[in-house]
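Visitor: Please find one structure pasted underneath; my questions will follow.
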Amino acid sequence: MEGPQVQLFVTCLVDVLAPQVGRATVDALEEVGCDVAFPSDQGCCGQPAFNVGLIDDARRMAAHTLDVLDGTEGSVVVPSGSCAVMIAHHYRELFADTDREEQVKRVSARVRELTQFLVDELGSSSRARCEGCTVAYHYSCHGLRELGLEHQADVLLQDTTRVELEGDKECCGFGGLFAIEMPAVSTAIMDDKLDRIEASGADTVISGDVSCLIHIAGGLRRRGSQIEVKHIVELIGDGT
Amino acid sequence: MNQPVTFLGRAEALIGTHEADAVDNGVRNFLELREKAVEELPALADLRDRARAIRLHALRHLDRLLAHFADQLQAAGGHVHWAVDAADARQIAADILQRTESRLVVKSKSMVSEEIELNDHLEALGLEVVETDLGEFIAQLAGDTPSHIIAPVLHMTRQDIGKLFADELGVPYTDDPFELNRIARVHLREAFLLADAGISGVNMAVAESGSIVLVTNEGNGRLVTTAPRVHIALMGMERIVSRWEDAAVVLETLARSATGQRLSVYTNVITGPRQDDDPDGPEELHVIVIDNGRSQILAGETAEILACIRCGACLNACPVFRTAGGHAYGTPYSGPFGSIVTPGLHGMDPWWDLPFASTLCGACEEVCPVRIQIPKMLLQLRRQAASEGRLPGWLEKGIARYARTTVEPARWERAKRWASRLAGVIATDGWIRRMPGPGRGWTSSRDLPRPAKESFHDWWRSNRGS
Amino acid sequence: MDRDSFLTRVGRASLTSQLPDSPPISADLPELAAADLLALFRSRSQTVNAVVHGPVTRHGVPRTVTGIATGHNASSFMAWDDLPTPGVTSALQAVGMERIDHVVPLGSRIEHNLGYRDVGVGITGAEVALAESGSVVLVHGDGRPRMASLVPDVHIVLLEIERLDRTLALWAQKNPTLVTETTNLVLVTGPSRTGDIEQQLNLGVHGPRHVHIVMIK
């Protein structure tokens with residue numbers, strides 16, 4: 001089946017800490033007919049540096065990312081709202097009035113967050129499947145507020161048994177390096193989130209960003225909770 | 001005040017305390033109220049755009065508007081004073097009070113008065129200053145500072161207040177809010193009627209008429225500016241709009257965002273002192289226009305923060321404010337707005353860490369009635385702090401190393417392999433429970449999934465060949 | 001600091017200021033769905049704990065006001081000189097209520113003020129009622145003391161039924177010069193309130209505890 005060519009930007013967190021999310025992404029994309037390419041020189045989009053104000057380092061990583069993605073074909077699909085926002089929105093200010101301005105325009109125009117790509121762009125009939133589980137969905141902040149990601153999760157989760165999660169649009173407290181710069185505050189916010197997840201009755205909590213997921217999973221695990229934590233794509237594609 | 005010098009230090013002292021719990025409950029209540037108010041007015045989105053345009057226009061023409069405001073107010077019989085900094089403002093206020101032989105002063109809520117530390121100064125000169133906003137009155141009695149710009153004693157429970165009144169006012173203990181309210185009303189009514197002077201803030205000045213607008217719920221703002229002979233209004237120089245119609249638009253967004261009310265109980269528009277045919281009102285009106293670092297902010301990249309109309313919605317929406325409370329920010333201006341304004345007014349020493357007290361979740365910008373781009377300015381200030389070398393060494397070096405590594409594919413592969421091997425040693429069951437150095441910040445309260453044995457890159461190479 | 005130096009500093013700052021562009025907006029305020037203004041006003045007033053009476057005929061107003069005042073056991077009152085209907089103050093005096101003098105003498109202000117310790121009722125007119133928020137607009141001046149809507153426990157507003165508008169922004173747009181022509185104008189939206197103690201709503205903090213709006217036809 002010849003479908004659209006896409007480039008996978010897998011993100012550094014997925015690459016290192018949650019490669020199953022990357023595998024599930026490939027599977028989910030291929031299932032709807034995409035021809036998935038993976039520019040293997042990719043590293044990090046630069047967001048961790050950007051968010052703490054270390055602009056030169058951010059630029060360095062961003063320049064490398066641009067070079068890796070430029071000249072490839074098709075949409076750049078990213079299984080993370082925050083990384084997608086970084087490339088699609090923030091690269092512009094990093095390279096304003098430089099000779100990379102055109103390159104930034106080219107590349108950022110091609111970036112798609114995964115759920116947005118599946119639901120809005122492809123109009124695919126992909127659905128999340130979770131036999132015998134009760135799911136709660138946490139909306140990651142960057143995706144929600146900077147990309148407007150909201151209905152995509154509703155569409156993808158419609159065949160699951162889903163429960164309300166109070167405060168599902170509130171921050172999980174990760175905030176990137178904030179989590180280790182201001183650990184007491186990050187933990188306090190996380191505790192609120194975890195309390196609500198536990199109160200929701202869900203046995204599985206889902207989100208679209210691995211940054212939130214490692215935070216929530218790490219906290220739940222520390223509490224001895226049995227609640228499973230998954231990226232939404234893991235319920236769509238296989239991890240194999 | 002002896003408090004820790006860093007945001008984190010102050011926050012650690014407050015998190016999980018009774019005060020922080022009270023704040024959490026309080027702001028969630030405000031958020032719910034705001035939600036209802038916002039839902040019912042589809043035109044509110046348009047009003048927010050209008051309010052933003054109005055405020056930005058005012059900032060662009062600030063000197064001209066201030067000049068016109070002063071001319072108009074003077075023509076109406078009012079006085080305008082210009083205070084370049086806090087000391088200047090305190091001096092001007094003190095001079096007016098001394099010249100008018102004012103001994104007893106009643107005050108309604110004014111963030112600017114906290115900012116310039118006016119009360120202590122006046123009290124040192126022998127004046128009696130009574131806060132009349134119920135929350136501020138309570139804070140004053142407790143010898144405390146307000147913790148939220150709209151709800152000053154969000155951090156106190158009714159029992160705290162009941163005990164306070166019993167101890168300080170000599171009344172029998174009660175924690176019934178209705179009774180506490182009544183006690184305060186009777187106690188403060190005397191003060192209003194006996195006062196020589198009243199000091200208020202200014203929610204908004206209207207340039208075309210030389211008017212000042214005061215927005216309150218309790219009635220104390222009106223009493224403070226009507227009963228005494230002298231009225232002194234403290235005005236942050238940026239709190240101005242061009243015309244009455246503009247003020248009306250901004251007022252429609254203000255109360256809804258702050259507390260979910262459609263309008264506050266009293267919206268008072270004052271244009272000069274009592275005229276010959278007025279039966280009541282103050283005989284002297286003095287507006288003190290205050291800079292105190294605002295021109296510094298105006299001159300730079302965070303100028304947009306001056307569009308703020310002090311509704312407090314960003315505080316209520318902020319997960320950091322909710323958990324750490326207002327006192328963690330160290331100044332009268334807390335929450336996301338405070339994180340930008342405080343380093344702006346008072347410099348990066350020691351306030352550079354306030355812009356870092358945020359997860360950049362963006363909830364603040366979402367609720368701001370004038371759509372201020374708060375996360376953007378937090379990032380700008382972080383950049384400034386980084387360029388001034390204020391970031392901890394481990395962070396700077398760690399990020400530099402990470403950047404160097406991830407831009408070179410071979411180096412990145414080696415680093416990942418190394419991390420995976422290390423993880424194999426220190427992880428149990430796929431999780432890391434303890435990390436050294438800055439990583440301790442994470443593992444003190446959370447586990448971390450271990451770097452995978454086979455990264456995504458590895459898997460792709462093995463299965464898809466490249 | 002002197003005015004010129006102050007404003008020069010501000011002007012200089014504006015030169016390097018990095019303010020974003022303003023969002024585009026149209027000159028006209030957005031259209032609102034048609035509304036029965038009186039019904040909307042009643043409903044919104046109720047939400048802010050004010051009570052709307054009537055519409056009452058002009059002749060019936062003194063009786064309505066007296067009823068409200070005696071219902072609150074008031075023994076004293078303040079009133080604007082120019083109320084929309086005649087006979088109100090005499091009706092109150094006829095049932096034994098004392099009218100408080102409201103002209104504050106320049107010389108003995110505090111002595112006069114202390115007479116405001118306990119005033120039962122204050123009666124005013126209003127310029128307009130704003131339906132969306134349940135507010136009334138009071139314009140003060142000759143014969144219209146500010147204290148009448150401030151110190152008493154009960155505030156009674158007399159308002160002709162035609163004086164209704166939709167929102168503050170719309171009304172301000174139609175009356176752009178009103179503020180430039182008055183010394184003191186107040187929008188009153190229900191009785192005074194506070195949520196400062198544990199967010200619990202309490203009415204009658206420093207201003208009136210009860211607001212009654214008598215609509216006149």
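Letters A, B, ... go to the chains of the structure tokens in the order shown; residues in each chain start at 1; ligands are counted from 1 in the same order.
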Which residues come within 12 Å of His327 (chain B), counting only C-alpha atoms, excluding same-chain residues fewer than 5 positions away, as a ChimeraX atom specification?

Guide: /B:1,3-4,6-15,19-20,23,144-149,152-155,320-322,332-335,338

Visitor: How would the residues just picked look written out with N, CA and C atoms as a compact mmCIF listing (two decimals), in the first residue's frame?

Guide:
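What ended up in result.txt:
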```
# COMPACT_ATOMS: atom_id res chain seq x y z
N MET B 1 12.23 41.37 56.73
CA MET B 1 11.67 40.10 57.19
C MET B 1 12.68 38.99 56.95
N GLN B 3 13.35 35.84 55.75
CA GLN B 3 12.82 34.71 55.02
C GLN B 3 13.92 34.22 54.10
N PRO B 4 13.81 32.94 53.68
CA PRO B 4 14.83 32.44 52.75
C PRO B 4 14.91 33.33 51.51
N THR B 6 15.68 32.42 48.38
CA THR B 6 15.28 31.86 47.10
C THR B 6 13.80 31.50 47.12
N PHE B 7 13.20 31.48 45.94
CA PHE B 7 11.82 31.05 45.82
C PHE B 7 11.67 29.64 46.39
N LEU B 8 12.61 28.78 46.00
CA LEU B 8 12.51 27.39 46.42
C LEU B 8 12.56 27.27 47.94
N GLY B 9 13.45 28.04 48.54
CA GLY B 9 13.56 28.03 50.01
C GLY B 9 12.25 28.42 50.67
N ARG B 10 11.65 29.51 50.17
CA ARG B 10 10.39 29.97 50.76
C ARG B 10 9.27 28.97 50.49
N ALA B 11 9.28 28.43 49.27
CA ALA B 11 8.22 27.47 48.91
C ALA B 11 8.31 26.23 49.79
N GLU B 12 9.53 25.73 49.98
CA GLU B 12 9.70 24.52 50.80
C GLU B 12 9.13 24.72 52.20
N ALA B 13 9.26 25.93 52.71
CA ALA B 13 8.75 26.18 54.06
C ALA B 13 7.23 26.19 54.09
N LEU B 14 6.61 26.41 52.94
CA LEU B 14 5.16 26.58 52.93
C LEU B 14 4.39 25.37 52.43
N ILE B 15 5.02 24.59 51.55
CA ILE B 15 4.29 23.47 50.94
C ILE B 15 3.83 22.48 51.99
N GLU B 19 -1.41 26.73 55.74
CA GLU B 19 -1.58 27.92 54.91
C GLU B 19 -1.71 27.54 53.44
N ALA B 20 -0.84 26.64 52.98
CA ALA B 20 -0.87 26.24 51.58
C ALA B 20 -2.16 25.52 51.23
N VAL B 23 -4.82 28.03 50.68
CA VAL B 23 -4.64 28.69 49.38
C VAL B 23 -5.19 27.81 48.26
N ASP B 144 0.81 40.37 59.58
CA ASP B 144 1.19 39.53 58.45
C ASP B 144 1.10 40.34 57.17
N THR B 145 1.53 39.73 56.07
CA THR B 145 1.36 40.39 54.78
C THR B 145 0.34 39.60 53.96
N PRO B 146 -0.32 40.26 53.03
CA PRO B 146 -1.32 39.55 52.21
C PRO B 146 -0.65 38.50 51.33
N SER B 147 -1.37 37.42 51.07
CA SER B 147 -0.77 36.33 50.29
C SER B 147 -1.38 36.19 48.90
N HIS B 148 -2.37 37.02 48.59
CA HIS B 148 -3.01 36.91 47.27
C HIS B 148 -3.57 38.30 47.01
N ILE B 149 -3.45 38.78 45.76
CA ILE B 149 -3.80 40.19 45.55
C ILE B 149 -5.30 40.46 45.64
N PRO B 152 -6.58 38.67 50.39
CA PRO B 152 -5.35 38.84 51.16
C PRO B 152 -5.09 37.78 52.21
N VAL B 153 -6.17 37.22 52.80
CA VAL B 153 -5.93 36.22 53.83
C VAL B 153 -6.46 34.86 53.40
N LEU B 154 -6.22 34.57 52.12
CA LEU B 154 -6.57 33.26 51.58
C LEU B 154 -5.92 32.16 52.41
N HIS B 155 -4.81 32.52 53.05
CA HIS B 155 -4.03 31.51 53.76
C HIS B 155 -4.50 31.31 55.20
N VAL B 320 1.88 26.29 40.38
CA VAL B 320 2.95 26.61 41.34
C VAL B 320 2.39 27.49 42.45
N PHE B 321 1.59 28.50 42.09
CA PHE B 321 1.00 29.37 43.11
C PHE B 321 0.12 28.55 44.04
N ARG B 322 -0.67 27.66 43.43
CA ARG B 322 -1.61 26.85 44.21
C ARG B 322 -0.93 26.01 45.26
N PRO B 332 4.77 41.73 47.38
CA PRO B 332 3.32 41.81 47.27
C PRO B 332 2.79 41.28 45.93
N TYR B 333 3.67 41.19 44.93
CA TYR B 333 3.20 40.74 43.62
C TYR B 333 3.61 39.29 43.41
N SER B 334 2.65 38.40 43.44
CA SER B 334 3.00 36.98 43.38
C SER B 334 2.41 36.35 42.12
N GLY B 335 2.58 35.05 42.03
CA GLY B 335 2.05 34.32 40.89
C GLY B 335 2.81 34.64 39.61
N GLY B 338 3.59 38.30 39.12
CA GLY B 338 4.63 38.73 40.05
C GLY B 338 6.02 38.27 39.61
```

Visitor: When DSSP is applied to the backbone of this structure, which of region 20-236 of chain B are assigned strand (DSSP E or B)? Write them out as a PyMOL selection string.

Guide: chain B and resi 79-83+104-107+128-131+197-200+204-206+211-216+230-236

Visitor: Generate the output file for the selected residues, C-alpha atoms, as a short mmCIF file (atom, residue, chain, number, x, y, z; two decimals), in the first residue's frame.

Guide:
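Written file, part03.cif:
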```
data_model
loop_
_atom_site.label_atom_id
_atom_site.label_comp_id
_atom_site.auth_asym_id
_atom_site.auth_seq_id
_atom_site.Cartn_x
_atom_site.Cartn_y
_atom_site.Cartn_z
CA HIS B 79 -3.70 67.71 42.66
CA VAL B 80 -1.27 65.48 40.79
CA HIS B 81 2.12 64.52 42.21
CA TRP B 82 4.89 62.63 40.46
CA ALA B 83 6.93 60.10 42.43
CA LEU B 104 -5.88 59.07 61.66
CA VAL B 105 -5.68 57.58 58.19
CA VAL B 106 -7.98 54.92 56.76
CA LYS B 107 -6.77 52.85 53.83
CA GLU B 128 -2.32 55.85 62.89
CA VAL B 129 -3.02 53.87 59.71
CA VAL B 130 -6.01 51.53 59.62
CA GLU B 131 -6.48 48.99 56.83
CA ALA B 197 -7.51 61.26 55.52
CA GLY B 198 -8.22 58.31 53.29
CA ILE B 199 -5.66 56.52 51.13
CA SER B 200 -6.74 54.37 48.20
CA MET B 204 -7.68 52.67 36.40
CA ALA B 205 -7.21 56.30 35.49
CA VAL B 206 -9.13 57.82 32.59
CA SER B 211 -10.89 60.51 36.50
CA ILE B 212 -9.80 57.65 38.67
CA VAL B 213 -11.77 54.42 38.90
CA LEU B 214 -11.87 52.42 42.11
CA VAL B 215 -13.28 48.91 42.11
CA THR B 216 -14.31 47.32 45.42
CA VAL B 230 -8.44 64.45 52.36
CA HIS B 231 -8.19 61.69 49.76
CA ILE B 232 -4.80 60.46 48.58
CA ALA B 233 -4.85 58.03 45.66
CA LEU B 234 -1.72 56.02 44.89
CA MET B 235 -1.45 55.22 41.21
CA GLY B 236 1.00 52.95 39.42
#
```

Visitor: Counting only C-alpha atoms, which of C:Leu29, C:Val205, C:Val128, C:Val157 gets nearest to Leu185 (chain C)?

Guide: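 Looking only at the distances to Leu185 (chain C), the closest residue turns out to be C:Val128.
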
Visitor: Check the smallest atom-to-atom distance from each of B:Thr428, B:Thr359, B:Gln91, B:Thr100 to chain A using only C-alpha atoms, then report the winner.

Guide: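 Looking at the shortest contact to chain A, the residue is B:Thr359.
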
Visitor: Ranking B:Phe337, B:Trp418, B:Trp412, B:Tyr266 by minimum distance to chain A and counting only C-alpha atoms, which one comes first?

Guide: B:Trp412

Visitor: Extract, using only C-alpha atoms, all DNA, RNA and protein residues at most 8 Å from Val52 (chain C), discarding same-chain residues fewer than 6 positions from it, and format them as a compact mmCIF listing (two decimals) with N, CA and C atoms, in the first residue's frame.

Guide:
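Generated file (part.txt):
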```txt
# COMPACT_ATOMS: atom_id res chain seq x y z
N ARG C 42 -33.99 41.75 36.41
CA ARG C 42 -34.53 41.11 37.62
C ARG C 42 -33.69 39.91 38.01
N SER C 45 -30.11 40.88 39.12
CA SER C 45 -30.13 41.55 40.42
C SER C 45 -30.26 40.53 41.52
N GLN C 46 -31.10 39.55 41.26
CA GLN C 46 -31.32 38.52 42.25
C GLN C 46 -30.00 37.79 42.53
N HIS C 212 -32.60 47.47 47.61
CA HIS C 212 -33.94 47.31 47.00
C HIS C 212 -34.05 48.26 45.83
N ILE C 213 -34.48 47.74 44.70
CA ILE C 213 -34.63 48.58 43.52
C ILE C 213 -36.11 48.64 43.17
N VAL C 214 -36.68 49.85 43.25
CA VAL C 214 -38.10 50.02 42.97
C VAL C 214 -38.26 50.57 41.57
N MET C 215 -38.80 49.73 40.68
CA MET C 215 -38.98 50.17 39.29
C MET C 215 -40.28 50.97 39.20
```
